[in-house]
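*Asks:* What follows is a structure written as structure tokens; I'll ask about it next.
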Amino acid sequence: MSQYNQGTDCIHAGYRPQNGEPRNIPIIQSTTFRYETSQQMGALFDLEASGYFYTRLQNPTNDHVAAKIAALEGGTAAMLTSSGQAASFFAIFNICSAGDHVVASSAIYGGTYNLFAVTMKRMGISFTFVDPNCSEEELHAAFRPETRAMFGETIANPALRVLDIELYARVAHQHGVPLIIDNTFATPINCRPFEFGADIVIHSTTKYMDGHANCVGGAIVDSGKFDWTKYADKYPGLTTPDASYHGVTYTERFGIEGAYITKATVQLMRDFGCIPAPMNSYLLNVGLETLHLRVPKHCENALKVAEYVKKHPKISWVRYPGLADDPSFALAQKYLPKGSCGVVTFGVKGGRDAAEAFMGGLSLASIATHVADAKTCVLHPASTTHRQLSDVELIAAGVAPDLIRFSVGIEDAEDIIKDMEAALNNV
């Protein structure tokens, strides 16, 4: 547990320079690391000593930044990946194999949905998608004997539905499986899912954590609280000897606080190599140092935008968890009392054609396949990020055909709204 407040951890956590060492996290731009003897390196390969030997597995720059994110989330261990998609894949695949099953909220990012429903299905891992607002009984009914995890997003991208984390955690634990939460939109500044019972948290660090559209990345954080040994038959990869590391059993060697991340690092990262470049991790850290300042500004601006479009005669509907009449407002008050995120979704009267006319009339905001950085950007998910989904799947994911995802930046809110007003005049 950190001795400092979260804003201080944004700047200082994860790296403490010693006398004469660099004040900033150094960029260790090297693929390999030198040792005096083969025995020293052999101890690393056997997981009997800590250290670095090849950046495809670990790198000091990456690990310092991962440690900062672990501190911000209140976890015991963390790792960085080369993208948010890699984090989503690793988080599931680390504890699932062919024949296993996962229960997931249907209101998730389109790329994650496709990863689960198509790609991982081909690997023999099946998923049942449930409405995030379904009843507790319906959640229980989705589980099978072979279920190994439950997955959801704190704030769904782009549906903006807020997940009832405590409910999902309680049901998951009653079935002896961990709850994995994608906390990308909320960030640990607005919500720390571990405090509500979640076990694993992931991020697309590409979004608010980086905050400047500089680098793609992902992160996985372990709460260190889920007792894998209690359900040893479900998680043999963590609780039985790993032949690829001379029979090491991760829960025995690294405890429940470190087993999950250690296995993901030394086994999955070794074999899949989805490591971020040290330079990308350095840039990510630069973003993290102002996360506690930027996120409140995003939320302040987004609420102003949401209130503006809600009153506009050319807007058919609007979703933002900070609005008092939003369906997720009550859950947002519980899990996100400091603010939700900087993303607002709405529909323009006239459907897709009107949406395209509105987007084409913007000058300050950019049409971009991105979200959650300092600059305001806009997207039509049904024809971009979610275009692989059928109309039925779109509705299940909370993505209406006319939905516009408006990612509010940290420019002056008055200028953002003036830009929207000019664009709406063209519709």
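Ligands are numbered from 1 in the order shown, chains are lettered A, B, ... in the order of the structure tokens, and residues start at 1 in each chain.
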Which residues of range 98-133 of chain A come within 12 Å of range 171-179 of chain A, and for each one, what is the closest pair of atoms and their distance in Å to one decimal, counting only C-alpha atoms, sorted by chain and residue number, as JSON lines?
*Replies:*
```
{"residue": "A:Asp100", "atom": "CA", "partner": "A:Val177", "partner_atom": "CA", "distance": 11.9}
{"residue": "A:His101", "atom": "CA", "partner": "A:Val177", "partner_atom": "CA", "distance": 10.8}
{"residue": "A:Val102", "atom": "CA", "partner": "A:Val177", "partner_atom": "CA", "distance": 9.5}
{"residue": "A:Val103", "atom": "CA", "partner": "A:Ala172", "partner_atom": "CA", "distance": 9.1}
{"residue": "A:Ala104", "atom": "CA", "partner": "A:Leu179", "partner_atom": "CA", "distance": 9.6}
{"residue": "A:Ser105", "atom": "CA", "partner": "A:Leu179", "partner_atom": "CA", "distance": 11.2}
```
*Asks:* Using DSSP secondary structure from the backbone, list all strand (DSSP E) positions within range 179-284 of chain A, as a PyMOL selection string.
*Replies:* chain A and resi 179-182+200-204+218-222
*Asks:* Could you pull the residues within 10 Å of range 232-240 of chain A, counting only C-alpha atoms, minus those fewer than 4 positions along the same chain, as a VMD selection string?
*Replies:* chain A and resid 94 to 97 100 145 to 148 176 to 177 227 to 228 247 to 252 255 to 256 259 to 260 262 to 264
*Asks:* Measure the distance from CA of Ala107 in chain A to CA of Asp131 in chain A in Å and round it to one decimal.
*Replies:* 7.1 Å
*Asks:* Just checking: using only C-alpha atoms, which residue out of A:Ser366, A:Asn425, A:Asn280, A:Thr76 ends up closest to Pro313 in chain A?
*Replies:* A:Asn425
*Asks:* Could you please determine the separation between CA of Val408 in chain A and CA of Ala355 in chain A in Å, to one decimal place?
*Replies:*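 Atom-to-atom, CA of Val408 in chain A to CA of Ala355 in chain A, that is 17.0 Å.
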*Asks:* Do you have the CA of Lys68 in chain A-CA of Thr55 in chain A distance handy?
*Replies:* 19.1 Å
*Asks:* Write out as a list in words which residues come within 12 Å of range 392-394 of chain A when counting only C-alpha atoms, dropping same-chain ones fewer than 4 positions away.
*Replies:* Ser106, Ala107, Ile108, Tyr109, Gly110, Tyr113, Asn114, Ala117, Phe129, Val130, Asp131, Pro158, Ala159, Pro381, Ala382, Ser383, Thr385, His386, Arg387, Gln388, Gly398, Val399, Ala400, Pro401, Asp402 and Leu403 of chain A
*Asks:* Now that the selection is made, can you save its residues with N, CA and C atoms as a tab-separated table (two decimals), in the first residue's frame?
*Replies:*
```tsv
chain	number	residue	atom	x	y	z
A	106	SER	N	-22.02	-8.12	-22.51
A	106	SER	CA	-22.12	-7.90	-23.96
A	106	SER	C	-21.75	-6.47	-24.34
A	107	ALA	N	-21.81	-5.56	-23.38
A	107	ALA	CA	-21.50	-4.15	-23.65
A	107	ALA	C	-20.01	-3.91	-23.43
A	108	ILE	N	-19.22	-4.28	-24.43
A	108	ILE	CA	-17.78	-4.10	-24.37
A	108	ILE	C	-17.29	-3.56	-25.70
A	109	TYR	N	-16.05	-3.13	-25.72
A	109	TYR	CA	-15.43	-2.61	-26.93
A	109	TYR	C	-15.54	-3.63	-28.07
A	110	GLY	N	-15.82	-3.15	-29.28
A	110	GLY	CA	-16.03	-4.03	-30.41
A	110	GLY	C	-14.86	-4.92	-30.72
A	113	TYR	N	-14.91	-7.71	-28.19
A	113	TYR	CA	-15.99	-8.65	-28.53
A	113	TYR	C	-15.54	-9.60	-29.64
A	114	ASN	N	-14.92	-9.05	-30.68
A	114	ASN	CA	-14.47	-9.89	-31.79
A	114	ASN	C	-13.36	-10.84	-31.35
A	117	ALA	N	-15.40	-13.49	-29.26
A	117	ALA	CA	-16.44	-14.26	-29.96
A	117	ALA	C	-15.94	-14.97	-31.20
A	129	PHE	N	-22.24	-14.12	-23.58
A	129	PHE	CA	-22.37	-12.68	-23.39
A	129	PHE	C	-23.72	-12.37	-22.76
A	130	VAL	N	-23.68	-11.61	-21.68
A	130	VAL	CA	-24.90	-11.30	-20.93
A	130	VAL	C	-25.12	-9.79	-20.94
A	131	ASP	N	-26.37	-9.39	-20.85
A	131	ASP	CA	-26.69	-7.97	-20.73
A	131	ASP	C	-26.09	-7.46	-19.42
A	158	PRO	N	-18.56	1.69	-26.71
A	158	PRO	CA	-18.97	3.08	-26.49
A	158	PRO	C	-20.35	3.24	-25.85
A	159	ALA	N	-20.93	2.15	-25.34
A	159	ALA	CA	-22.31	2.21	-24.84
A	159	ALA	C	-22.44	3.06	-23.59
A	381	PRO	N	-19.12	4.53	-34.47
A	381	PRO	CA	-18.70	3.14	-34.23
A	381	PRO	C	-19.33	2.10	-35.13
A	382	ALA	N	-20.62	2.26	-35.49
A	382	ALA	CA	-21.30	1.24	-36.28
A	382	ALA	C	-20.64	1.02	-37.63
A	383	SER	N	-19.97	2.04	-38.15
A	383	SER	CA	-19.31	1.90	-39.45
A	383	SER	C	-17.79	1.80	-39.32
A	385	THR	N	-15.35	0.93	-35.60
A	385	THR	CA	-14.87	-0.02	-34.59
A	385	THR	C	-15.79	-1.22	-34.40
A	386	HIS	N	-17.08	-1.06	-34.67
A	386	HIS	CA	-18.05	-2.14	-34.45
A	386	HIS	C	-18.66	-2.64	-35.76
A	387	ARG	N	-18.04	-2.33	-36.89
A	387	ARG	CA	-18.65	-2.67	-38.17
A	387	ARG	C	-18.71	-4.17	-38.42
A	388	GLN	N	-17.94	-4.97	-37.65
A	388	GLN	CA	-17.97	-6.42	-37.83
A	388	GLN	C	-19.19	-7.04	-37.16
A	398	GLY	N	-25.06	-2.28	-27.13
A	398	GLY	CA	-25.46	-0.93	-26.79
A	398	GLY	C	-25.02	0.10	-27.81
A	399	VAL	N	-24.80	-0.34	-29.05
A	399	VAL	CA	-24.33	0.56	-30.10
A	399	VAL	C	-25.44	0.74	-31.14
A	400	ALA	N	-26.16	1.84	-31.04
A	400	ALA	CA	-27.21	2.13	-32.02
A	400	ALA	C	-26.58	2.52	-33.35
A	401	PRO	N	-27.26	2.25	-34.47
A	401	PRO	CA	-26.70	2.60	-35.78
A	401	PRO	C	-26.36	4.08	-35.93
A	402	ASP	N	-27.10	4.94	-35.19
A	402	ASP	CA	-26.85	6.38	-35.32
A	402	ASP	C	-25.93	6.92	-34.22
A	403	LEU	N	-25.36	6.03	-33.40
A	403	LEU	CA	-24.55	6.47	-32.26
A	403	LEU	C	-23.29	7.19	-32.71
```
*Asks:* I'd like the neighbourhood of range 335-341 of chain A as a list in words, where a residue qualifies if any of its atoms comes within 7 Å (using only C-alpha atoms), though same-chain residues fewer than 4 positions away should be ignored.
*Replies:*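 The filter keeps Phe185, Ala186, Asn190, Cys191, His298, Cys299, Pro321, Gly322 and Leu331 of chain A.
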*Asks:* Would you pick out the contacts of Gly7 in chain A at 10 Å or less, using only C-alpha atoms, so that residues sharing its chain but fewer than 5 positions from it are not included, and give the list as a PyMOL selection string?
*Replies:* chain A and resi 12-13+72+189+288-293
*Asks:* Write a file of the just-selected residues containing C-alpha atoms, as a CSV table (one decimal), in the first residue's frame.
*Replies:*
```
chain,number,residue,atom,x,y,z
A,12,HIS,CA,6.5,9.1,-8.1
A,13,ALA,CA,5.3,5.5,-7.8
A,72,LEU,CA,-2.5,3.5,-8.8
A,189,ILE,CA,-8.5,8.2,-10.8
A,288,LEU,CA,0.7,9.1,-16.2
A,289,GLU,CA,2.3,12.0,-14.4
A,290,THR,CA,-0.6,14.3,-15.3
A,291,LEU,CA,-3.4,11.7,-15.2
A,292,HIS,CA,-4.8,13.0,-12.0
A,293,LEU,CA,-5.0,16.5,-13.5
```
*Asks:* Pick from A:Phe254, A:Val118, A:Ile155, A:Pro22: nearest to Pro132 in chain A, with only C-alpha atoms counted?
*Replies:* A:Ile155
*Asks:* Where does DSSP see alpha helix (DSSP H) in range 161-274 of chain A, if you list the residues as a PyMOL selection string?
*Replies:* chain A and resi 165-174+187-190+236-239+250-263+270-272
*Asks:* Write out, as JSON lines, each residue of range 208-303 of chain A that has an atom at most 9 Å from range 37-49 of chain A, together with the closest pair of atoms and their distance in Å to one decimal, counting only C-alpha atoms, rows going by chain and rising number.
*Replies:*
```
{"residue": "A:Tyr245", "atom": "CA", "partner": "A:Asp46", "partner_atom": "CA", "distance": 5.9}
{"residue": "A:His246", "atom": "CA", "partner": "A:Asp46", "partner_atom": "CA", "distance": 6.8}
{"residue": "A:Val248", "atom": "CA", "partner": "A:Leu47", "partner_atom": "CA", "distance": 8.1}
{"residue": "A:Arg253", "atom": "CA", "partner": "A:Leu47", "partner_atom": "CA", "distance": 8.9}
{"residue": "A:Val266", "atom": "CA", "partner": "A:Leu47", "partner_atom": "CA", "distance": 8.7}
```
*Asks:* Give me, as a ChimeraX atom specification, all polymer residues having an atom no more than 7 Å from Gly211 in chain A, counting only C-alpha atoms and skipping those fewer than 2 positions away in the same chain.
*Replies:* /A:207-209,213,287,372-374
*Asks:* Next, dump the selected residues to file, keeping only N, CA and C atoms, as a tab-separated table (two decimals), in the first residue's frame.
*Replies:*
```tsv
chain	number	residue	atom	x	y	z
A	207	LYS	N	-5.28	5.00	-24.17
A	207	LYS	CA	-6.32	5.99	-23.95
A	207	LYS	C	-5.88	7.02	-22.91
A	208	TYR	N	-6.64	7.20	-21.85
A	208	TYR	CA	-6.38	8.28	-20.90
A	208	TYR	C	-5.01	8.19	-20.24
A	209	MET	N	-4.52	6.98	-20.00
A	209	MET	CA	-3.24	6.86	-19.31
A	209	MET	C	-2.11	7.53	-20.09
A	213	ALA	N	-2.22	10.42	-27.46
A	213	ALA	CA	-2.17	9.68	-28.73
A	213	ALA	C	-0.75	9.47	-29.20
A	287	GLY	N	2.60	10.57	-19.67
A	287	GLY	CA	1.17	10.78	-19.56
A	287	GLY	C	0.64	10.50	-18.17
A	372	ALA	N	-10.29	9.28	-25.98
A	372	ALA	CA	-9.71	9.49	-24.66
A	372	ALA	C	-8.29	10.03	-24.67
A	373	ASP	N	-8.09	11.12	-25.41
A	373	ASP	CA	-6.84	11.84	-25.23
A	373	ASP	C	-7.10	13.33	-25.16
A	374	ALA	N	-6.05	14.12	-25.10
A	374	ALA	CA	-6.18	15.55	-24.84
A	374	ALA	C	-6.99	16.29	-25.90
```
